[in-house]
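Undergrad: Before anything else, here's the structure in question.
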There are 2 protein chains.
Amino acid sequence: MEKKRMGQQSVVFSSHPYIVAGASIVGKLEGEGPLGQCYDTVLDDDLWGEKTWEMAERKMYEQAITEVIRKAALPLESVQLLLGGDLLNQIISANFAARNLGIPFLGLYGACSNMAESLLVGGMLVDGGYVENAVCGTCSHFSTAERQYRTPLELGTQRTPTAQRTVTGAAASLLCSTRSQAQGAAVYIAGGTIGKVVDMGITDVNNMGAAMAPAAADTIAMHLAEMAYDVEHYDLYVTGDLGSLGLSLCTELLQEKGYDMAGRIIDCGCEVYNARKQDVDAGGSGCGCSAVVFNAHILPQMQKGAYGRVLFVATGALLSPASSMQGESIPGIAHAVALERETSS
Amino acid sequence: MEKKRMGQQSVVFSSHPYIVAGASIVGKLEGEGPLGQCYDTVLDDDLWGEKTWEMAERKMYEQAITEVIRKAALPLESVQLLLGGDLLNQIISANFAARNLGIPFLGLYGACSNMAESLLVGGMLVDGGYVENAVCGTCSHFSTAERQYRTPLELGTQRTPTAQRTVTGAAASLLCSTRSQAQGAAVYIAGGTIGKVVDMGITDVNNMGAAMAPAAADTIAMHLAEMAYDVEHYDLYVTGDLGSLGLSLCTELLQEKGYDMAGRIIDCGCEVYNARKQDVDAGGSGCGCSAVVFNAHILPQMQKGAYGRVLFVATGALLSPASSMQGESIPGIAHAVALERETSS
């Protein structure tokens with residue numbers, strides 16, 4: 001068998017699990033952001049006709065899954081696997097969407113690292129031949145996350161400058177073992193790095209970027225070391241939702257490890273909003289943040305040829321109100337997904 | 001490549017991902033149950049010297065992981081992957097244990113189906129060559145689950161006859177791509193079936209067995225159909241935590257589908273307690289239930305030769321206080337893991 005394992009955390013694929021389509025749906029504020037034109041659907045109202053925000057979030061998740069399957073022109077019943085989760089307790093958005101869609105389902109929990117975790121696991125299962133296709137998707141909603149993790153919105157609590165805004169959005173990618181010519185330039189997953197839980201002792205629930213930055217730096221450095229790549233191997237490094245503060249911390253930590261990321265690293269939390277104009281402090285966060293930026297912006301850019309190789313590193317703050325109240329700090333995790341553009345068809 | 005996919009939900013492995021060891025730890029009541037002699041550790045006190053039940057649950061999870069690695073005589077740093085989750089919001093038991101152990105980590109959420117979900121995903125990743133070994137583990141704790149899902153224990157709420165008791169316990173299995181002769185008769189994962197979310201409209205949070213039984217029946221029937229097996233192919237079917245009521249519902253549903261399970265099916269929720277003597281109503285439940293019964297009882301029985309082929313079907317009730325309060329029913333899911341004993345070494 002070909003060598004698929006590199007070092008302790010990295011994997012290399014022997015086939016090309018193609019990302020044949022991506023789909024996204026976002027809330028009003030996200031639609032007004034710099035990537036507003038990129039999303040498949042922008043809502044006028046974050047309740048989307050539902051009685052509760054949780055129901056709206058679930059509907060968005062289901063919509064993203066349905067849309068990506070439609071784009072790939074696959075019949076729903078031929079989809080072999082749904083992989084994903086979300087931020088809500090018991091990942092109810094994903095569970096209930098999986099119920100309604102009837103696709104075989106593996107629930108994941110990695111907080112905001114979910115888009116990378118699901119792509120990485122999905123990539124292994126497609127590359128390994130266990131499924132021919134898999135939908136990987138996740139979502140988050142500002143209003144459900146605030147009341148679950150922080151305070152009821154009705155309180156009108158003032159936000160700190162380090163705070164990030166949970167993105168209201170859902171997105172999904174469809175992986176296939178074969179590519180269809182109709183689907184444009186082929187982007188595939190070449191491998192990746194499974195993250196470790198890293199905790200530098202951050203306890204401020206309004207500073208998720210600082211909690212996640214060490215995990216992102218750890219995973220990126222581990223990936224480059226285990227794969228024996230120079231920084232230049234990738235045209236672009238895309239972190240999940242570190243926000244402006246977290247991104248600069250991550251860059252500093254990588255500098256200390258000897259990696260100069262200058263001009264090569266962006267963060268989905270910084271891309272998704274115009275932080276100053278839209279008054280969102282340090283940027284965006286939430287499972288939906290890296291998911292919508294990846295599927296609506298990074299993937300199409302790769303398909304158009306803007307980048308040949310991208311390392312997508314979604315980050316998760318494993319924040320829990322229960323563990324925080326019991327005095328614990330906030331651990332972080334980051335999984336890296338190596339994406340390449342197929343140059344010859 | 002060999003065919004690894006059967007039908008829409010089932011997978012077959014081309015190698016033998018061995019379960020080289022299992023480890024378990026349980027609370028006092030579980031230790032007094034019929035399998036009391038089988039567990040590696042039985043606690044005197046479910047707080048285990050910690051300040052909170054959540055901290056005790058996490059310590060148990062960490063202990064099960066550490067113990068299974070010790071049994072397999074592997075250095076901690078050579079363990080390539082930890083797969084698992086638990087019942088607590090944001091799977092804090094698994095997240096914090098993963099932080100303390102420093103093993104690359106993929107978090108899963110499938111409620112009480114976690115032991116089967118982690119074995120199935122772990123089996124695919126070992127069989128596919130992405131990791132040489134993986135620890136699959138999960139846990140639950142009566143006192144943390146009651147206060148998260150139902151009512152504070154201090155209320156002393158009366159239980160219904162359909163209620164099941166969340167098992168206080170943690171367990172883990174260690175998967176390896178190779179077997180060591182020292183580890184006794186070899187049990188391996190031959191394949192399995194990824195479950196779909198099934199919901200028959202149960203809304204009673206005190207009747208999890210009824211919520212999960214349709215999912216278990218669906219997955220078992222799908223497995224047998226897709227693999228083209230007779231019921232007799234397996235010596236034993238082990239469902240996760242249906243309890244006495246759920247087990248009889250599941251058996252009835254399978255009868256309707258044409259499968260006569262008589263004398264071939266047991267449920268971990270029925271095995272873990274002596275329901276009448278121990279006053280636990282319909283039996284045990286929780287991620288820990290199927291995990292401890294599998295690792296402390298089923299796996300050793302297979303190693304001793306009592307069974308050649310077992311289908312392990314852990315079941316999850318995707319119960320959520322938030323979705324229940326918003327009027328939703330309780331969906332269920334079940335994943336099947338096909339276990340075989342290697343007859344020639």
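Chain labels run A, B, ... following the order of the structure tokens; each chain numbers its residues from 1, and ligands are numbered from 1 in the order shown.
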Report as a list in words all protein, DNA and RNA residues lying within 12 Å of range 304-307 of chain A, evaluated on only C-alpha atoms, omitting residues in the same chain fewer than 4 positions from it.
TA: Gln183, Gly184, Ala185, Ala186, Val187, His233, Tyr234, Asp235, Leu236, Tyr237, Val238, Arg264, His297, Ile298, Leu299, Pro300, Leu311, Leu339, Glu340, Arg341, Glu342 and Thr343 of chain A
Undergrad: Go ahead and save the residues from that selection, with N, CA, C and O atoms, as a compact mmCIF listing (two decimals), in the first residue's frame.
TA:
```txt
# COMPACT_ATOMS: atom_id res chain seq x y z
N GLN A 183 -17.97 20.47 -14.33
CA GLN A 183 -17.89 21.21 -13.08
C GLN A 183 -16.70 22.18 -12.98
O GLN A 183 -16.34 22.61 -11.91
N GLY A 184 -16.10 22.50 -14.10
CA GLY A 184 -15.03 23.50 -14.08
C GLY A 184 -13.71 22.92 -13.63
O GLY A 184 -13.56 21.71 -13.48
N ALA A 185 -12.74 23.82 -13.40
CA ALA A 185 -11.41 23.38 -13.00
C ALA A 185 -11.50 22.59 -11.71
O ALA A 185 -12.30 22.89 -10.83
N ALA A 186 -10.69 21.54 -11.64
CA ALA A 186 -10.85 20.60 -10.56
C ALA A 186 -9.98 20.96 -9.37
O ALA A 186 -8.77 21.09 -9.48
N VAL A 187 -10.62 21.08 -8.21
CA VAL A 187 -9.91 21.27 -6.95
C VAL A 187 -10.08 19.98 -6.16
O VAL A 187 -11.18 19.44 -6.09
N HIS A 233 5.38 26.45 -0.38
CA HIS A 233 4.64 25.37 -1.03
C HIS A 233 3.19 25.77 -1.30
O HIS A 233 2.62 25.41 -2.32
N TYR A 234 2.62 26.49 -0.36
CA TYR A 234 1.23 26.94 -0.53
C TYR A 234 1.19 28.40 -0.97
O TYR A 234 1.94 29.22 -0.45
N ASP A 235 0.29 28.68 -1.90
CA ASP A 235 0.11 30.07 -2.33
C ASP A 235 -0.61 30.88 -1.26
O ASP A 235 -0.46 32.09 -1.17
N LEU A 236 -1.43 30.16 -0.49
CA LEU A 236 -2.25 30.87 0.49
C LEU A 236 -2.55 29.95 1.68
O LEU A 236 -2.82 28.76 1.50
N TYR A 237 -2.50 30.53 2.85
CA TYR A 237 -2.93 29.86 4.08
C TYR A 237 -4.19 30.57 4.54
O TYR A 237 -4.21 31.80 4.66
N VAL A 238 -5.24 29.80 4.77
CA VAL A 238 -6.53 30.39 5.17
C VAL A 238 -6.91 29.84 6.54
O VAL A 238 -7.27 28.67 6.65
N ARG A 264 0.98 35.82 2.86
CA ARG A 264 0.53 34.50 2.45
C ARG A 264 -0.62 33.97 3.30
O ARG A 264 -1.11 32.87 3.07
N HIS A 297 -15.86 31.75 -1.61
CA HIS A 297 -14.78 32.63 -2.05
C HIS A 297 -13.49 31.86 -2.40
O HIS A 297 -13.00 31.94 -3.53
N ILE A 298 -12.97 31.09 -1.47
CA ILE A 298 -11.68 30.42 -1.69
C ILE A 298 -11.79 29.36 -2.79
O ILE A 298 -10.97 29.32 -3.72
N LEU A 299 -12.80 28.50 -2.67
CA LEU A 299 -12.97 27.44 -3.67
C LEU A 299 -13.16 28.00 -5.08
O LEU A 299 -12.45 27.58 -6.01
N PRO A 300 -14.07 28.97 -5.28
CA PRO A 300 -14.20 29.56 -6.63
C PRO A 300 -12.90 30.22 -7.12
O PRO A 300 -12.58 30.13 -8.30
N LEU A 311 -3.70 25.95 1.88
CA LEU A 311 -3.87 25.19 3.12
C LEU A 311 -5.00 25.85 3.92
O LEU A 311 -4.87 26.99 4.37
N LEU A 339 -5.34 21.72 -0.17
CA LEU A 339 -6.15 21.77 -1.40
C LEU A 339 -5.25 22.04 -2.59
O LEU A 339 -4.37 22.91 -2.52
N GLU A 340 -5.49 21.33 -3.67
CA GLU A 340 -4.71 21.59 -4.88
C GLU A 340 -5.63 21.70 -6.09
O GLU A 340 -6.70 21.12 -6.12
N ARG A 341 -5.15 22.45 -7.05
CA ARG A 341 -5.88 22.61 -8.31
C ARG A 341 -5.22 21.67 -9.32
O ARG A 341 -4.00 21.67 -9.45
N GLU A 342 -6.05 20.87 -9.98
CA GLU A 342 -5.52 19.92 -10.95
C GLU A 342 -5.16 20.69 -12.22
O GLU A 342 -6.03 21.34 -12.82
N THR A 343 -3.90 20.60 -12.62
CA THR A 343 -3.47 21.41 -13.76
C THR A 343 -3.79 20.74 -15.09
O THR A 343 -4.16 21.40 -16.04
```
Undergrad: Write out chain B, as a tab-separated table (two decimals) with C-alpha atoms, in the first residue's frame, after superposing it onto chain A by least squares using every C-alpha atom paired in order.
TA:
```tsv
chain	number	residue	atom	x	y	z
B	1	MET	CA	0.03	0.01	-0.02
B	2	GLU	CA	1.17	3.56	-0.68
B	3	LYS	CA	2.27	5.56	2.29
B	4	LYS	CA	-0.67	7.64	3.46
B	5	ARG	CA	0.60	8.62	6.87
B	6	MET	CA	3.28	11.27	7.34
B	7	GLY	CA	4.63	11.70	10.85
B	8	GLN	CA	2.20	11.73	13.74
B	9	GLN	CA	-0.61	13.91	12.46
B	10	SER	CA	-0.54	14.25	8.67
B	11	VAL	CA	-2.09	12.23	5.87
B	12	VAL	CA	-1.52	12.16	2.11
B	13	PHE	CA	-4.10	10.89	-0.32
B	14	SER	CA	-3.32	8.48	-3.14
B	15	SER	CA	-6.33	9.51	-5.23
B	16	HIS	CA	-7.93	12.88	-5.84
B	17	PRO	CA	-11.06	13.40	-3.75
B	18	TYR	CA	-12.53	16.29	-5.75
B	19	ILE	CA	-14.51	19.12	-4.27
B	20	VAL	CA	-16.96	19.27	-7.15
B	21	ALA	CA	-19.18	21.99	-5.72
B	22	GLY	CA	-19.66	24.37	-2.83
B	23	ALA	CA	-22.80	26.16	-1.69
B	24	SER	CA	-23.49	28.87	0.85
B	25	ILE	CA	-26.25	30.87	2.45
B	26	VAL	CA	-25.79	33.81	4.82
B	27	GLY	CA	-27.68	36.32	6.91
B	28	LYS	CA	-28.29	39.98	6.16
B	29	LEU	CA	-25.16	41.44	7.76
B	30	GLU	CA	-22.91	38.88	6.05
B	31	GLY	CA	-24.61	39.69	2.74
B	32	GLU	CA	-23.66	43.35	3.25
B	33	GLY	CA	-20.03	42.36	3.81
B	34	PRO	CA	-17.20	42.38	1.27
B	35	LEU	CA	-18.11	38.91	-0.08
B	36	GLY	CA	-21.81	39.72	-0.41
B	37	GLN	CA	-21.83	38.96	-4.14
B	38	CYS	CA	-20.28	35.53	-3.68
B	39	TYR	CA	-22.99	33.74	-1.69
B	40	ASP	CA	-25.70	31.66	-3.32
B	41	THR	CA	-28.37	33.06	-1.03
B	42	VAL	CA	-28.51	36.11	1.22
B	43	LEU	CA	-31.39	36.34	3.69
B	44	ASP	CA	-33.30	39.56	4.37
B	45	ASP	CA	-34.27	38.39	7.81
B	46	ASP	CA	-32.24	36.05	10.01
B	47	LEU	CA	-35.39	34.29	11.24
B	48	TRP	CA	-36.23	33.28	7.65
B	49	GLY	CA	-39.92	32.83	8.41
B	50	GLU	CA	-39.30	30.41	11.28
B	51	LYS	CA	-40.50	30.70	14.86
B	52	THR	CA	-37.05	30.47	16.42
B	53	TRP	CA	-33.47	31.22	15.43
B	54	GLU	CA	-32.57	27.57	16.02
B	55	MET	CA	-35.16	26.54	13.45
B	56	ALA	CA	-33.84	29.15	11.02
B	57	GLU	CA	-30.29	27.88	11.50
B	58	ARG	CA	-31.38	24.31	10.76
B	59	LYS	CA	-33.26	25.47	7.65
B	60	MET	CA	-30.10	27.23	6.43
B	61	TYR	CA	-28.04	24.07	7.01
B	62	GLU	CA	-30.54	22.01	5.06
B	63	GLN	CA	-30.61	24.61	2.29
B	64	ALA	CA	-26.80	24.58	1.92
B	65	ILE	CA	-26.76	20.77	1.68
B	66	THR	CA	-29.63	20.67	-0.81
B	67	GLU	CA	-28.07	23.42	-2.91
B	68	VAL	CA	-24.64	21.79	-3.15
B	69	ILE	CA	-26.24	18.50	-4.22
B	70	ARG	CA	-28.31	20.38	-6.82
B	71	LYS	CA	-25.19	22.14	-8.14
B	72	ALA	CA	-23.41	18.82	-8.55
B	73	ALA	CA	-26.49	17.51	-10.40
B	74	LEU	CA	-26.66	14.44	-8.16
B	75	PRO	CA	-29.93	12.81	-7.18
B	76	LEU	CA	-30.39	13.18	-3.39
B	77	GLU	CA	-30.67	9.41	-2.93
B	78	SER	CA	-27.27	8.82	-4.50
B	79	VAL	CA	-25.48	10.89	-1.85
B	80	GLN	CA	-23.75	8.35	0.35
B	81	LEU	CA	-22.70	10.34	3.36
B	82	LEU	CA	-23.33	13.55	5.23
B	83	LEU	CA	-20.53	14.65	7.55
B	84	GLY	CA	-20.84	17.62	9.79
B	85	GLY	CA	-22.00	19.32	12.90
B	86	ASP	CA	-22.57	22.76	14.29
B	87	LEU	CA	-22.20	24.86	17.42
B	88	LEU	CA	-25.51	24.09	19.06
B	89	ASN	CA	-25.74	21.66	21.96
B	90	GLN	CA	-26.22	18.12	20.58
B	91	ILE	CA	-25.49	19.55	17.09
B	92	ILE	CA	-29.23	19.87	16.53
B	93	SER	CA	-28.92	21.80	13.26
B	94	ALA	CA	-27.03	18.94	11.62
B	95	ASN	CA	-29.01	16.15	13.31
B	96	PHE	CA	-32.39	17.48	12.28
B	97	ALA	CA	-31.21	18.35	8.78
B	98	ALA	CA	-29.84	14.78	8.45
B	99	ARG	CA	-33.23	13.45	9.56
B	100	ASN	CA	-35.07	15.51	6.95
B	101	LEU	CA	-32.63	14.68	4.14
B	102	GLY	CA	-32.35	10.95	4.92
B	103	ILE	CA	-28.63	10.75	4.02
B	104	PRO	CA	-26.39	8.35	6.04
B	105	PHE	CA	-24.87	10.61	8.68
B	106	LEU	CA	-21.74	10.87	10.79
B	107	GLY	CA	-21.99	13.68	13.32
B	108	LEU	CA	-18.81	15.58	14.16
B	109	TYR	CA	-18.00	18.10	16.84
B	110	GLY	CA	-15.01	20.36	16.54
B	111	ALA	CA	-16.64	23.72	17.25
B	112	CYS	CA	-15.65	26.19	14.52
B	113	SER	CA	-13.09	23.76	13.06
B	114	ASN	CA	-15.99	21.76	11.67
B	115	MET	CA	-15.59	22.69	8.00
B	116	ALA	CA	-11.98	21.46	8.02
B	117	GLU	CA	-12.72	18.43	10.19
B	118	SER	CA	-15.52	17.30	7.90
B	119	LEU	CA	-13.47	17.90	4.72
B	120	LEU	CA	-10.53	15.99	6.19
B	121	VAL	CA	-12.57	13.00	7.38
B	122	GLY	CA	-14.65	13.09	4.19
B	123	GLY	CA	-11.46	13.22	2.14
B	124	MET	CA	-10.09	10.13	3.89
B	125	LEU	CA	-13.33	8.20	3.41
B	126	VAL	CA	-13.58	9.10	-0.30
B	127	ASP	CA	-9.86	8.49	-0.92
B	128	GLY	CA	-10.09	5.18	0.96
B	129	GLY	CA	-12.97	4.02	-1.22
B	130	TYR	CA	-15.55	3.79	1.58
B	131	VAL	CA	-17.84	6.27	-0.13
B	132	GLU	CA	-17.95	7.60	-3.68
B	133	ASN	CA	-19.24	10.93	-2.54
B	134	ALA	CA	-19.85	12.84	0.66
B	135	VAL	CA	-21.38	16.16	1.60
B	136	CYS	CA	-19.44	18.09	4.23
B	137	GLY	CA	-21.29	20.95	5.80
B	138	THR	CA	-21.68	23.17	8.80
B	139	CYS	CA	-23.47	26.29	10.01
B	140	SER	CA	-23.79	28.85	12.77
B	141	HIS	CA	-26.18	31.64	13.68
B	142	PHE	CA	-25.34	34.79	15.61
B	143	SER	CA	-28.54	34.76	17.63
B	144	THR	CA	-28.46	31.08	18.64
B	145	ALA	CA	-24.78	31.19	19.55
B	146	GLU	CA	-25.02	34.34	21.66
B	147	ARG	CA	-27.77	32.99	23.83
B	148	GLN	CA	-26.19	29.58	24.19
B	149	TYR	CA	-22.62	30.69	24.85
B	150	ARG	CA	-22.81	34.20	26.25
B	151	THR	CA	-25.85	36.25	27.20
B	152	PRO	CA	-29.42	36.64	25.98
B	153	LEU	CA	-29.49	39.17	23.14
B	154	GLU	CA	-32.24	41.07	24.95
B	155	LEU	CA	-29.70	42.08	27.60
B	156	GLY	CA	-27.91	44.25	25.04
B	157	THR	CA	-24.54	43.46	26.61
B	158	GLN	CA	-21.69	45.69	25.46
B	159	ARG	CA	-19.06	43.85	23.45
B	160	THR	CA	-15.33	44.07	24.04
B	161	PRO	CA	-12.92	45.08	21.24
B	162	THR	CA	-11.58	41.51	21.22
B	163	ALA	CA	-15.04	40.03	20.61
B	164	GLN	CA	-15.90	38.40	17.31
B	165	ARG	CA	-19.34	38.13	15.78
B	166	THR	CA	-20.70	34.64	15.12
B	167	VAL	CA	-21.45	34.44	11.42
B	168	THR	CA	-25.03	33.67	10.46
B	169	GLY	CA	-24.43	31.28	7.62
B	170	ALA	CA	-24.31	27.72	6.40
B	171	ALA	CA	-22.19	26.13	3.70
B	172	ALA	CA	-21.41	22.74	2.27
B	173	SER	CA	-18.91	21.10	-0.06
B	174	LEU	CA	-19.57	18.02	-2.14
B	175	LEU	CA	-16.70	15.54	-2.43
B	176	CYS	CA	-16.58	13.01	-5.26
B	177	SER	CA	-14.11	10.31	-6.18
B	178	THR	CA	-14.43	11.29	-9.85
B	179	ARG	CA	-14.67	14.64	-11.51
B	180	SER	CA	-17.17	15.71	-14.06
B	181	GLN	CA	-15.85	17.92	-16.88
B	182	ALA	CA	-18.90	20.12	-16.52
B	183	GLN	CA	-17.86	21.23	-13.08
B	184	GLY	CA	-15.00	23.50	-14.09
B	185	ALA	CA	-11.38	23.37	-13.01
B	186	ALA	CA	-10.84	20.59	-10.55
B	187	VAL	CA	-9.91	21.28	-6.96
B	188	TYR	CA	-9.10	18.26	-4.83
B	189	ILE	CA	-7.96	17.44	-1.33
B	190	ALA	CA	-4.35	16.28	-1.36
B	191	GLY	CA	-4.20	15.44	2.34
B	192	GLY	CA	-4.09	17.26	5.61
B	193	THR	CA	-3.17	17.33	9.25
B	194	ILE	CA	-5.33	16.22	12.17
B	195	GLY	CA	-5.08	18.73	14.99
B	196	LYS	CA	-4.24	18.34	18.64
B	197	VAL	CA	-6.07	20.18	21.37
B	198	VAL	CA	-3.90	23.12	22.43
B	199	ASP	CA	-4.60	25.30	25.45
B	200	MET	CA	-2.51	28.30	26.44
B	201	GLY	CA	-4.77	29.21	29.34
B	202	ILE	CA	-7.11	31.82	27.84
B	203	THR	CA	-10.27	32.16	29.95
B	204	ASP	CA	-11.91	35.21	28.35
B	205	VAL	CA	-15.02	34.07	26.44
B	206	ASN	CA	-14.81	37.32	24.50
B	207	ASN	CA	-11.39	36.53	23.13
B	208	MET	CA	-11.77	33.40	21.07
B	209	GLY	CA	-9.07	34.46	18.62
B	210	ALA	CA	-6.39	34.29	21.29
B	211	ALA	CA	-7.69	30.89	22.43
B	212	MET	CA	-7.48	29.45	18.91
B	213	ALA	CA	-4.32	31.09	17.54
B	214	PRO	CA	-1.88	28.65	19.24
B	215	ALA	CA	-3.78	25.66	17.81
B	216	ALA	CA	-3.69	27.14	14.31
B	217	ALA	CA	0.04	27.87	14.55
B	218	ASP	CA	0.70	24.40	15.94
B	219	THR	CA	-1.18	22.64	13.13
B	220	ILE	CA	0.34	24.76	10.34
B	221	ALA	CA	3.87	24.25	11.66
B	222	MET	CA	3.25	20.51	12.15
B	223	HIS	CA	1.89	20.19	8.62
B	224	LEU	CA	4.88	21.93	7.04
B	225	ALA	CA	7.35	19.94	9.15
B	226	GLU	CA	5.76	16.53	8.62
B	227	MET	CA	5.28	17.09	4.89
B	228	ALA	CA	8.76	18.64	4.59
B	229	TYR	CA	7.35	21.68	2.78
B	230	ASP	CA	8.65	25.23	2.70
B	231	VAL	CA	6.19	27.98	3.50
B	232	GLU	CA	6.20	28.74	-0.24
B	233	HIS	CA	4.64	25.36	-1.04
B	234	TYR	CA	1.22	26.93	-0.54
B	235	ASP	CA	0.11	30.07	-2.33
B	236	LEU	CA	-2.24	30.86	0.49
B	237	TYR	CA	-2.94	29.86	4.08
B	238	VAL	CA	-6.52	30.39	5.18
B	239	THR	CA	-7.23	30.20	8.89
B	240	GLY	CA	-10.77	29.67	10.14
B	241	ASP	CA	-11.97	32.40	12.38
B	242	LEU	CA	-9.13	33.87	14.37
B	243	GLY	CA	-10.22	37.45	13.72
B	244	SER	CA	-7.78	40.33	13.47
B	245	LEU	CA	-6.24	39.82	16.90
B	246	GLY	CA	-5.95	36.05	16.60
B	247	LEU	CA	-4.47	36.27	13.12
B	248	SER	CA	-1.65	38.51	14.27
B	249	LEU	CA	-1.01	36.23	17.27
B	250	CYS	CA	-0.91	33.20	14.97
B	251	THR	CA	1.48	34.93	12.57
B	252	GLU	CA	3.76	35.86	15.49
B	253	LEU	CA	3.74	32.31	16.84
B	254	LEU	CA	4.65	30.97	13.40
B	255	GLN	CA	7.42	33.56	13.12
B	256	GLU	CA	8.82	32.25	16.40
B	257	LYS	CA	8.77	28.76	14.94
B	258	GLY	CA	10.74	30.03	11.95
B	259	TYR	CA	7.94	30.44	9.42
B	260	ASP	CA	7.52	33.81	7.75
B	261	MET	CA	3.90	33.98	6.60
B	262	ALA	CA	4.05	37.57	5.32
B	263	GLY	CA	1.61	38.13	2.46
B	264	ARG	CA	0.54	34.50	2.46
B	265	ILE	CA	-1.99	34.16	5.26
B	266	ILE	CA	-5.55	35.39	5.52
B	267	ASP	CA	-8.29	34.64	8.03
B	268	CYS	CA	-11.94	33.99	7.23
B	269	GLY	CA	-12.97	36.03	10.27
B	270	CYS	CA	-11.25	39.06	8.73
B	271	GLU	CA	-12.59	38.44	5.20
B	272	VAL	CA	-16.23	37.93	6.00
B	273	TYR	CA	-16.96	41.42	7.36
B	274	ASN	CA	-15.66	44.90	6.90
B	275	ALA	CA	-14.91	45.03	10.61
B	276	ARG	CA	-14.69	48.81	11.00
B	277	LYS	CA	-17.67	49.73	8.84
B	278	GLN	CA	-19.84	46.90	10.08
B	279	ASP	CA	-18.94	47.38	13.75
B	280	VAL	CA	-18.02	43.76	14.44
B	281	ASP	CA	-14.91	44.38	16.54
B	282	ALA	CA	-12.26	41.73	15.84
B	283	GLY	CA	-14.16	40.06	12.95
B	284	GLY	CA	-16.26	36.98	12.36
B	285	SER	CA	-16.34	33.60	14.04
B	286	GLY	CA	-18.51	30.50	14.27
B	287	CYS	CA	-18.61	27.27	12.24
B	288	GLY	CA	-20.33	29.18	9.45
B	289	CYS	CA	-17.52	31.73	9.15
B	290	SER	CA	-14.84	29.55	7.60
B	291	ALA	CA	-17.50	27.44	5.86
B	292	VAL	CA	-19.05	30.29	3.88
B	293	VAL	CA	-15.74	32.01	3.10
B	294	PHE	CA	-14.25	28.72	1.91
B	295	ASN	CA	-17.18	27.64	-0.23
B	296	ALA	CA	-18.20	31.05	-1.59
B	297	HIS	CA	-14.79	32.64	-2.05
B	298	ILE	CA	-11.69	30.41	-1.69
B	299	LEU	CA	-12.99	27.43	-3.67
B	300	PRO	CA	-14.21	29.56	-6.64
B	301	GLN	CA	-10.91	31.50	-6.58
B	302	MET	CA	-9.01	28.22	-6.83
B	303	GLN	CA	-11.27	27.01	-9.62
B	304	LYS	CA	-10.54	30.26	-11.51
B	305	GLY	CA	-6.83	29.69	-11.11
B	306	ALA	CA	-6.02	32.42	-8.59
B	307	TYR	CA	-4.29	29.87	-6.37
B	308	GLY	CA	-2.79	26.49	-7.15
B	309	ARG	CA	-2.31	25.29	-3.60
B	310	VAL	CA	-4.11	26.41	-0.47
B	311	LEU	CA	-3.88	25.19	3.12
B	312	PHE	CA	-7.27	25.61	4.76
B	313	VAL	CA	-7.01	25.58	8.54
B	314	ALA	CA	-10.34	25.97	10.30
B	315	THR	CA	-9.98	26.58	14.00
B	316	GLY	CA	-12.26	25.67	16.88
B	317	ALA	CA	-12.47	27.20	20.34
B	318	LEU	CA	-13.74	24.36	22.48
B	319	LEU	CA	-15.60	26.80	24.67
B	320	SER	CA	-18.28	25.49	26.95
B	321	PRO	CA	-20.37	27.49	29.41
B	322	ALA	CA	-20.30	24.53	31.83
B	323	SER	CA	-16.52	24.10	31.83
B	324	SER	CA	-15.95	27.88	31.92
B	325	MET	CA	-18.21	28.21	34.95
B	326	GLN	CA	-16.20	25.44	36.59
B	327	GLY	CA	-13.04	27.48	36.18
B	328	GLU	CA	-11.55	25.88	33.07
B	329	SER	CA	-9.71	27.70	30.32
B	330	ILE	CA	-10.69	27.48	26.66
B	331	PRO	CA	-8.84	24.84	24.63
B	332	GLY	CA	-8.48	25.24	20.88
B	333	ILE	CA	-8.09	22.86	17.96
B	334	ALA	CA	-7.25	23.32	14.28
B	335	HIS	CA	-7.36	20.83	11.43
B	336	ALA	CA	-5.54	21.52	8.14
B	337	VAL	CA	-6.85	20.55	4.70
B	338	ALA	CA	-4.38	20.67	1.79
B	339	LEU	CA	-6.15	21.77	-1.39
B	340	GLU	CA	-4.71	21.60	-4.88
B	341	ARG	CA	-5.88	22.60	-8.31
B	342	GLU	CA	-5.52	19.92	-10.96
B	343	THR	CA	-3.49	21.42	-13.76
B	344	SER	CA	-4.04	18.73	-16.40
B	345	SER	CA	-7.41	17.07	-16.81
```
Undergrad: Write out as number ranges by chain the set of residues from range 41-276 of chain B that DSSP, computed on the backbone, places in strand (DSSP E).
TA: B: 41-42, 82-86, 105-107, 133-140, 165-166, 169-176, 187-193, 236-239, 265-267
Undergrad: Apply DSSP to the backbone of this structure and, from range 264-338 of chain B, keep only the residues in helix (DSSP H, G or I); write these as a PyMOL selection string.
TA: chain B and resi 268-271+275-278+287-304+321-325
